[in-house]
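So this block is final-v5.txt, compact mmCIF, C-alpha atoms:
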```txt
# COMPACT_ATOMS: atom_id res chain seq x y z
CA MET W 1 -56.16 -13.61 5.00
CA THR W 2 -58.86 -14.30 7.59
CA GLU W 3 -62.08 -12.35 7.40
CA ASN W 4 -63.02 -9.98 10.19
CA PRO W 5 -65.43 -11.64 12.61
CA ALA W 6 -69.01 -10.45 12.68
CA PRO W 7 -69.70 -7.79 15.33
CA VAL W 8 -71.16 -9.07 18.59
CA ILE W 9 -74.17 -6.78 18.03
CA LEU W 10 -75.67 -6.29 14.58
CA THR W 11 -77.41 -3.04 13.60
CA GLU W 12 -79.98 -2.24 10.95
CA LEU W 13 -81.93 0.99 10.47
CA THR W 14 -85.24 0.72 8.63
CA ASP W 15 -86.63 3.40 6.34
CA ASP W 16 -89.17 4.25 9.06
CA GLY W 17 -86.49 4.99 11.66
CA VAL W 18 -86.52 1.73 13.62
CA MET W 19 -83.05 0.68 14.75
CA LEU W 20 -82.80 -3.10 15.11
CA LEU W 21 -80.07 -4.21 17.53
CA THR W 22 -79.36 -7.96 17.45
CA LEU W 23 -77.14 -9.53 20.10
CA ASN W 24 -74.94 -11.68 17.88
CA ARG W 25 -73.11 -14.53 19.61
CA PRO W 26 -75.50 -17.33 18.61
CA GLU W 27 -72.84 -20.00 19.10
CA ARG W 28 -72.82 -18.95 22.80
CA HIS W 29 -76.57 -18.19 22.93
CA ASN W 30 -75.66 -14.46 22.98
CA ALA W 31 -74.03 -14.73 26.41
CA TRP W 32 -72.77 -11.34 27.60
CA THR W 33 -69.12 -10.27 27.38
CA LEU W 34 -67.15 -7.09 28.00
CA GLU W 35 -66.89 -6.54 24.25
CA MET W 36 -70.67 -6.79 23.97
CA GLU W 37 -71.22 -4.38 26.86
CA LEU W 38 -68.91 -1.73 25.41
CA LEU W 39 -70.50 -1.96 21.95
CA TYR W 40 -74.02 -2.00 23.43
CA ASN W 41 -73.47 1.35 25.15
CA GLU W 42 -71.77 2.79 22.08
CA LEU W 43 -74.66 1.82 19.82
CA PHE W 44 -77.24 3.33 22.16
CA ASP W 45 -75.18 6.54 22.29
CA ARG W 46 -75.13 6.67 18.49
CA ALA W 47 -78.87 5.97 18.26
CA GLU W 48 -79.61 8.74 20.75
CA ALA W 49 -77.61 11.28 18.77
CA ASP W 50 -79.09 10.24 15.40
CA PRO W 51 -82.38 12.05 14.66
CA ARG W 52 -83.19 9.39 12.04
CA VAL W 53 -83.63 6.83 14.83
CA ARG W 54 -87.16 7.02 16.21
CA THR W 55 -87.37 3.69 18.08
CA VAL W 56 -85.15 0.70 18.90
CA VAL W 57 -85.92 -3.03 18.82
CA LEU W 58 -83.57 -5.30 20.79
CA THR W 59 -83.42 -9.04 20.09
CA GLY W 60 -81.01 -11.98 19.93
CA ALA W 61 -79.60 -14.01 17.05
CA GLY W 62 -80.46 -17.68 16.86
CA ARG W 63 -82.56 -19.40 19.54
CA SER W 64 -81.74 -17.20 22.54
CA PHE W 65 -82.12 -13.61 23.66
CA CYS W 66 -79.32 -13.51 26.26
CA PRO W 67 -78.85 -16.06 29.07
CA GLY W 68 -76.64 -13.73 31.11
CA MET W 69 -72.89 -13.35 31.47
CA ASP W 70 -70.73 -15.76 29.49
CA MET W 71 -69.65 -18.53 31.88
CA SER W 72 -65.98 -18.05 31.00
CA VAL W 73 -66.30 -14.40 32.06
CA LEU W 74 -68.09 -15.40 35.26
CA ASP W 75 -65.41 -17.95 36.05
CA GLY W 76 -62.61 -15.44 35.57
CA ALA W 77 -64.40 -12.77 37.59
CA SER W 78 -65.36 -15.05 40.51
CA SER W 79 -61.84 -16.55 40.77
CA GLY W 80 -60.13 -13.17 40.51
CA ALA W 81 -58.16 -14.31 37.46
CA ARG W 82 -59.90 -11.82 35.14
CA PRO W 83 -61.79 -9.28 37.26
CA TRP W 84 -64.70 -7.46 35.65
CA PRO W 85 -63.81 -3.72 35.44
CA THR W 86 -66.49 -2.66 37.95
CA GLY W 87 -66.64 1.11 38.34
CA GLN W 88 -64.84 1.70 35.05
CA LEU W 89 -67.88 1.23 32.80
CA PRO W 90 -71.09 3.23 32.29
CA PRO W 91 -74.08 2.00 34.34
CA ARG W 92 -75.70 -1.04 32.73
CA THR W 93 -79.00 0.81 32.52
CA ARG W 94 -78.87 2.38 29.05
CA PRO W 95 -82.44 1.67 27.87
CA MET W 96 -83.78 3.42 30.99
CA THR W 97 -81.99 6.69 30.16
CA PHE W 98 -82.47 6.42 26.39
CA PRO W 99 -85.00 9.10 25.32
CA LYS W 100 -86.62 6.98 22.59
CA PRO W 101 -88.83 3.87 22.94
CA VAL W 102 -87.04 0.54 23.23
CA VAL W 103 -88.91 -2.69 22.44
CA ALA W 104 -87.47 -6.08 23.45
CA ALA W 105 -88.20 -9.09 21.24
CA VAL W 106 -87.33 -11.98 23.56
CA ASN W 107 -86.84 -15.00 21.33
CA GLY W 108 -85.55 -17.53 23.88
CA ALA W 109 -83.42 -17.79 27.03
CA CYS W 110 -83.43 -14.50 28.96
CA ALA W 111 -81.56 -14.54 32.27
CA GLY W 112 -79.14 -12.53 34.39
CA ILE W 113 -77.92 -9.50 32.46
CA GLY W 114 -80.23 -10.45 29.59
CA PHE W 115 -83.15 -10.45 32.03
CA ASN W 116 -82.09 -7.02 33.29
CA GLN W 117 -81.81 -5.53 29.82
CA ALA W 118 -85.22 -6.88 28.79
CA LEU W 119 -86.78 -5.37 31.92
CA MET W 120 -85.23 -1.99 31.15
CA CYS W 121 -86.90 -1.86 27.74
CA ASP W 122 -90.18 0.03 27.55
CA VAL W 123 -92.20 -2.81 26.02
CA ARG W 124 -91.47 -6.55 25.87
CA PHE W 125 -92.60 -9.06 23.24
CA ALA W 126 -91.75 -12.74 23.77
CA VAL W 127 -92.29 -16.21 22.33
CA PRO W 128 -94.38 -18.62 24.46
CA HIS W 129 -91.39 -20.91 25.08
CA ALA W 130 -89.04 -18.11 26.20
CA LYS W 131 -87.46 -18.79 29.58
CA PHE W 132 -87.04 -15.84 31.95
CA ALA W 133 -84.91 -16.08 35.10
CA ALA W 134 -83.31 -13.50 37.37
CA ALA W 135 -80.63 -16.12 38.22
CA PHE W 136 -78.75 -13.96 40.75
CA SER W 137 -79.43 -15.94 43.91
CA ALA W 138 -78.30 -19.12 42.13
CA ARG W 139 -74.91 -17.48 41.50
CA GLY W 140 -74.50 -16.06 45.00
CA LEU W 141 -75.28 -12.54 43.81
CA VAL W 142 -77.86 -9.85 44.53
CA ALA W 143 -80.32 -8.27 42.09
CA GLU W 144 -78.10 -6.09 39.91
CA ASP W 145 -78.62 -2.90 37.94
CA GLY W 146 -81.67 -1.66 39.84
CA VAL W 147 -83.79 -4.70 38.97
CA SER W 148 -85.10 -4.85 42.55
CA TRP W 149 -86.64 -1.42 41.78
CA ILE W 150 -87.98 -2.28 38.31
CA LEU W 151 -89.35 -5.77 38.85
CA PRO W 152 -91.90 -5.04 41.63
CA ARG W 153 -93.30 -2.23 39.50
CA LEU W 154 -93.88 -4.64 36.63
CA VAL W 155 -95.11 -7.79 38.37
CA GLY W 156 -95.94 -6.74 41.95
CA TYR W 157 -93.97 -7.21 45.16
CA GLY W 158 -94.94 -10.84 45.72
CA ASN W 159 -94.02 -12.02 42.24
CA ALA W 160 -90.80 -10.03 42.30
CA THR W 161 -89.83 -11.59 45.62
CA ASP W 162 -90.53 -15.06 44.23
CA LEU W 163 -88.49 -14.51 41.06
CA LEU W 164 -85.52 -12.90 42.79
CA LEU W 165 -85.27 -15.31 45.74
CA SER W 166 -85.82 -18.52 43.79
CA SER W 167 -84.10 -17.69 40.47
CA ARG W 168 -86.71 -20.01 38.97
CA ARG W 169 -87.48 -19.99 35.26
CA VAL W 170 -90.82 -18.78 33.98
CA THR W 171 -92.15 -19.30 30.48
CA GLY W 172 -93.38 -16.58 28.19
CA ALA W 173 -96.98 -17.53 29.03
CA GLU W 174 -96.40 -17.14 32.78
CA ALA W 175 -94.44 -13.95 32.16
CA LEU W 176 -97.42 -12.54 30.25
CA ALA W 177 -99.83 -13.50 33.03
CA MET W 178 -97.78 -11.67 35.69
CA GLY W 179 -97.10 -8.60 33.54
CA LEU W 180 -93.43 -9.27 32.86
CA VAL W 181 -94.09 -9.12 29.10
CA ASN W 182 -96.68 -7.19 27.10
CA ARG W 183 -97.28 -9.49 24.11
CA LEU W 184 -96.68 -13.09 23.05
CA ALA W 185 -96.01 -14.13 19.45
CA GLU W 186 -94.99 -17.35 17.77
CA PRO W 187 -91.29 -17.60 16.82
CA ASP W 188 -91.73 -16.70 13.15
CA GLU W 189 -94.03 -13.81 14.09
CA LEU W 190 -92.06 -12.36 17.03
CA LEU W 191 -89.65 -10.02 15.29
CA PRO W 192 -92.20 -8.87 12.66
CA ALA W 193 -94.66 -8.09 15.48
CA ALA W 194 -92.08 -6.14 17.51
CA LEU W 195 -90.90 -4.27 14.42
CA ALA W 196 -94.49 -3.48 13.41
CA TYR W 197 -95.19 -2.04 16.87
CA ALA W 198 -91.98 0.02 16.83
CA THR W 199 -92.72 1.17 13.28
CA GLU W 200 -96.16 2.39 14.28
CA LEU W 201 -94.59 4.44 17.07
CA ALA W 202 -92.00 5.80 14.65
CA ARG W 203 -94.64 6.79 12.08
CA SER W 204 -97.44 8.10 14.25
CA ALA W 205 -96.08 9.32 17.61
CA SER W 206 -94.08 12.46 18.28
CA PRO W 207 -90.47 11.55 19.21
CA TYR W 208 -90.39 14.63 21.40
CA ALA W 209 -93.61 13.72 23.22
CA MET W 210 -92.41 10.13 23.73
CA SER W 211 -89.17 11.40 25.27
CA LEU W 212 -91.16 13.55 27.70
CA ILE W 213 -93.48 10.64 28.54
CA LYS W 214 -90.50 8.40 29.34
CA HIS W 215 -89.31 11.06 31.77
CA GLN W 216 -92.80 11.32 33.28
CA LEU W 217 -92.97 7.59 33.89
CA ALA W 218 -89.55 7.55 35.59
CA ASP W 219 -90.14 10.68 37.67
CA ASP W 220 -93.61 9.66 38.81
CA GLN W 221 -92.41 6.43 40.44
CA ALA W 222 -91.37 8.52 43.46
CA ARG W 223 -94.18 11.09 43.34
CA THR W 224 -97.61 11.44 44.86
CA PHE W 225 -100.60 11.88 42.57
CA THR W 226 -100.66 15.61 43.33
CA GLU W 227 -96.98 15.93 42.47
CA SER W 228 -97.49 13.94 39.29
CA SER W 229 -100.37 16.14 38.23
CA ALA W 230 -98.33 19.28 38.86
CA GLY W 231 -95.38 17.83 36.97
CA ALA W 232 -97.64 16.98 34.04
CA ALA W 233 -98.89 20.57 33.90
CA ALA W 234 -95.31 21.85 33.77
CA LEU W 235 -94.36 19.38 31.03
CA LEU W 236 -97.50 20.20 29.09
CA ALA W 237 -96.40 23.83 28.92
CA VAL W 238 -93.03 22.66 27.56
CA ALA W 239 -94.65 20.33 25.01
CA LYS W 240 -96.93 23.07 23.70
CA GLN W 241 -93.89 25.19 22.82
CA ALA W 242 -92.54 22.51 20.47
CA PRO W 243 -93.62 22.30 16.80
CA ASP W 244 -94.83 18.72 17.33
CA TYR W 245 -97.92 20.03 19.12
CA ARG W 246 -99.09 22.05 16.13
CA GLU W 247 -98.19 19.26 13.69
CA GLY W 248 -100.11 16.73 15.79
CA VAL W 249 -103.24 18.88 15.72
CA LEU W 250 -102.95 19.74 12.03
CA SER W 251 -102.38 16.14 10.94
CA PHE W 252 -105.47 15.09 12.87
CA LEU W 253 -107.61 17.86 11.36
CA GLU W 254 -106.28 17.17 7.88
CA ARG W 255 -106.65 13.39 8.29
CA ARG W 256 -103.08 12.61 7.28
CA GLN W 257 -100.01 10.96 8.75
CA PRO W 258 -98.10 13.39 11.00
CA GLU W 259 -94.64 14.54 9.93
CA PHE W 260 -92.70 14.94 13.16
CA ASP W 261 -89.01 15.85 13.31
CA GLY W 262 -86.57 13.53 15.06
CA LEU W 263 -84.93 14.37 18.35
CA GLY W 264 -82.13 16.90 18.09
CA GLU W 265 -79.83 18.86 20.35
CA ARG W 266 -82.11 21.43 22.01
CA ALA W 267 -83.07 20.30 25.49
CA PRO W 268 -85.65 21.71 27.91
CA GLU W 269 -85.33 20.84 31.59
CA THR W 270 -87.56 18.47 33.55
CA ALA W 271 -87.46 17.25 37.13
CA ALA W 272 -85.31 14.30 36.03
CA GLY W 273 -82.88 16.43 34.07
CA THR W 274 -82.40 17.17 30.40
CA VAL W 275 -84.81 16.05 27.71
CA PRO W 276 -83.63 16.09 24.08
CA GLY W 277 -85.41 18.65 21.96
CA PRO W 278 -86.85 18.26 18.47
CA ALA W 279 -84.43 18.66 15.60
CA SER W 280 -84.11 22.14 14.24
```
Rewritten as structure tokens:
Amino acid sequence: MTENPAPVILTELTDDGVMLLTLNRPERHNAWTLEMELLYNELFDRAEADPRVRTVVLTGAGRSFCPGMDMSVLDGASSGARPWPTGQLPPRTRPMTFPKPVVAAVNGACAGIGFNQALMCDVRFAVPHAKFAAAFSARGLVAEDGVSWILPRLVGYGNATDLLLSSRRVTGAEALAMGLVNRLAEPDELLPAALAYATELARSASPYAMSLIKHQLADDQARTFTESSAGAAALLAVAKQAPDYREGVLSFLERRQPEFDGLGERAPETAAGTVPGPAS
């Protein structure tokens, strides 16, 4: 009897509430497939519904993060032999709508869909030798998944234009200089550093407040300063009704670690829509 193959994405939940998602096709450098996409969305859905999950770290097995779509999938899609089920899948933007922090630990090649998913994470760690590339123009494609909206906000219009038009590769060091990544770490220190950062968020920051802040950041991209300030005042009133506010103040006064509840089902409204409430 043959053993069941390992899942294309591995999961591990730490005691502190950090969910580690590892893209797991190292023999193909974690190149993206339909199976991976379906499981990716399913795992994010599970993590959103699980109040034990405070933060997520996304990385790749082996020497790569994700170099984009598997070439066999690209070949089948471009020839029409095996069309990609466009319009039948959820938007490939899950980290952007996920109400908890997502940290990317980019351990190697990061291009195409892998590039997009790294950009959609809230914070990016990378090794110095990581190679980032949009890659779309080199395949006769346009910037997918809203990356033409995200990238200029991270690296500026000029750098975004350069990266998208040329599809050129940039190293982790250049990515850090232009603001594409937040931190660099050596290979053996990358995942521990990303996990330590995510663990600190999980231990010390209110999950409810972080969900509201993620909504603020998204909403304010299309707002004036005055609108942002007014939106913040409205969200502040919402935040002060949650038990996290009192716990945050008490833990500070008592000089102890805060004990915040995870995100649950109750959901106040914001300009962007529904925000998960703290667990009852």
Can you write out as JSON lines which residues of segment 200-244 of chain W fall within 7 Å of segment 88-108 of chain W, alongside each residue's closest atom pair and its distance in Å to one decimal, counting all atoms listed in the file and ordering rows by chain and ascending residue number?
```
{"residue": "W:Pro207", "atom": "CA", "partner": "W:Lys100", "partner_atom": "CA", "distance": 6.9}
{"residue": "W:Met210", "atom": "CA", "partner": "W:Lys100", "partner_atom": "CA", "distance": 6.7}
{"residue": "W:Ser211", "atom": "CA", "partner": "W:Pro99", "partner_atom": "CA", "distance": 4.8}
{"residue": "W:Lys214", "atom": "CA", "partner": "W:Pro99", "partner_atom": "CA", "distance": 6.8}
```
At most 7 Å is the cut-off: for each residue in segment 48-158 of chain W with any atom that close to an atom of segment 179-198 of chain W, write down the nearest atom pair and the distance in Å rounded to one decimal, counting all atoms listed in the file, chain first then increasing number, as CSV.
```
residue,atom,partner,partner_atom,distance
W:Thr55,CA,W:Ala198,CA,6.0
W:Val57,CA,W:Leu195,CA,6.8
W:Val103,CA,W:Ala194,CA,6.8
W:Ala105,CA,W:Ala194,CA,6.1
W:Asn107,CA,W:Pro187,CA,6.8
W:Val123,CA,W:Asn182,CA,6.4
W:Arg124,CA,W:Val181,CA,4.9
W:Phe125,CA,W:Arg183,CA,4.8
W:Ala126,CA,W:Leu184,CA,5.0
W:Val127,CA,W:Ala185,CA,5.1
W:Pro128,CA,W:Leu184,CA,6.2
W:Leu154,CA,W:Gly179,CA,6.0
W:Val155,CA,W:Gly179,CA,5.3
```
Radius query 10 Å about (-84.8, -5.6, 35.0), atoms used: all atoms listed in the file, as a list in words =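 Neighbouring residues, ordered by chain and number, come to Thr93, Met96, Ala111, Gly112, Ile113, Gly114, Phe115, Asn116, Gln117, Ala118, Leu119, Met120, Cys121, Ala134, Ala143, Glu144, Asp145, Gly146, Val147, Ser148, Trp149, Ile150, Leu151, Pro152, Leu154 and Leu180 of chain W.
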Only C-alpha atoms, please: the residues just picked out, written as a short mmCIF file (atom, residue, chain, number, x, y, z; two decimals), in the coordinates of the input.
```cif
data_model
loop_
_atom_site.label_atom_id
_atom_site.label_comp_id
_atom_site.auth_asym_id
_atom_site.auth_seq_id
_atom_site.Cartn_x
_atom_site.Cartn_y
_atom_site.Cartn_z
CA THR W 93 -79.00 0.81 32.52
CA MET W 96 -83.78 3.42 30.99
CA ALA W 111 -81.56 -14.54 32.27
CA GLY W 112 -79.14 -12.53 34.39
CA ILE W 113 -77.92 -9.50 32.46
CA GLY W 114 -80.23 -10.45 29.59
CA PHE W 115 -83.15 -10.45 32.03
CA ASN W 116 -82.09 -7.02 33.29
CA GLN W 117 -81.81 -5.53 29.82
CA ALA W 118 -85.22 -6.88 28.79
CA LEU W 119 -86.78 -5.37 31.92
CA MET W 120 -85.23 -1.99 31.15
CA CYS W 121 -86.90 -1.86 27.74
CA ALA W 134 -83.31 -13.50 37.37
CA ALA W 143 -80.32 -8.27 42.09
CA GLU W 144 -78.10 -6.09 39.91
CA ASP W 145 -78.62 -2.90 37.94
CA GLY W 146 -81.67 -1.66 39.84
CA VAL W 147 -83.79 -4.70 38.97
CA SER W 148 -85.10 -4.85 42.55
CA TRP W 149 -86.64 -1.42 41.78
CA ILE W 150 -87.98 -2.28 38.31
CA LEU W 151 -89.35 -5.77 38.85
CA PRO W 152 -91.90 -5.04 41.63
CA LEU W 154 -93.88 -4.64 36.63
CA LEU W 180 -93.43 -9.27 32.86
#
```
ask   = Excluding same-chain residues fewer than 2 positions from Arg169 of chain W, what lies within 7 Å of it counting all atoms listed in the file, as a list in words?
value =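 Residues meeting the cut-off are Lys131, Phe132, Ala133, Ser167 and Thr171 of chain W.
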request  = For atom CA of Leu141 of chain W and atom CA of Ala61 of chain W, quote the distance in Å rounded to one decimal.
outcome  = 27.1 Å
task = Take atom CA of Gly262 of chain W and atom CA of Asn24 of chain W and report the distance between them in Å, one decimal.
result = 27.9 Å
request  = Would you kindly return, as a ChimeraX atom specification, each protein, DNA or RNA residue with an atom no farther than 10 Å from any atom of Gly62 of chain W, considering only C-alpha atoms and excluding same-chain residues fewer than 2 positions away?
outcome  = /W:22-30,59-60,64-65,107-108
task = May I have the residues within 8 Å of segment 244-250 of chain W as a list in words, using only C-alpha atoms and disregarding those fewer than 2 positions away in the same chain?
result = Ser206, Tyr208, Ala209, Ala239, Lys240, Gln241, Ala242, Phe252, Leu253, Glu254, Pro258, Glu259, Phe260 and Asp261 of chain W
remark   = Atom pair atom CA of Leu58 of chain W + atom CA of Asp220 of chain W, distance 25.5 Å
Any chance you could work out the axis-aligned box around segment 235-249 of chain W, listed atoms only, 8 Å on each side, giving centre and edge lengths in Å to one decimal, as lines of an AutoDock Vina configuration file?
```
center_x = -97.9
center_y = 21.0
center_z = 22.4
size_x = 26.7
size_y = 24.5
size_z = 33.3
```
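With all atoms listed in the file as the atoms that count, the residue of W:Ser251, W:Ser166, W:Val238, W:Glu12 with the shortest distance to Ala205 of chain W is W:Ser251.
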ask   = W:Val56, W:Leu212, W:Ala49, W:Leu38: which is nearest Thr11 of chain W, counting only C-alpha atoms?
value = W:Val56
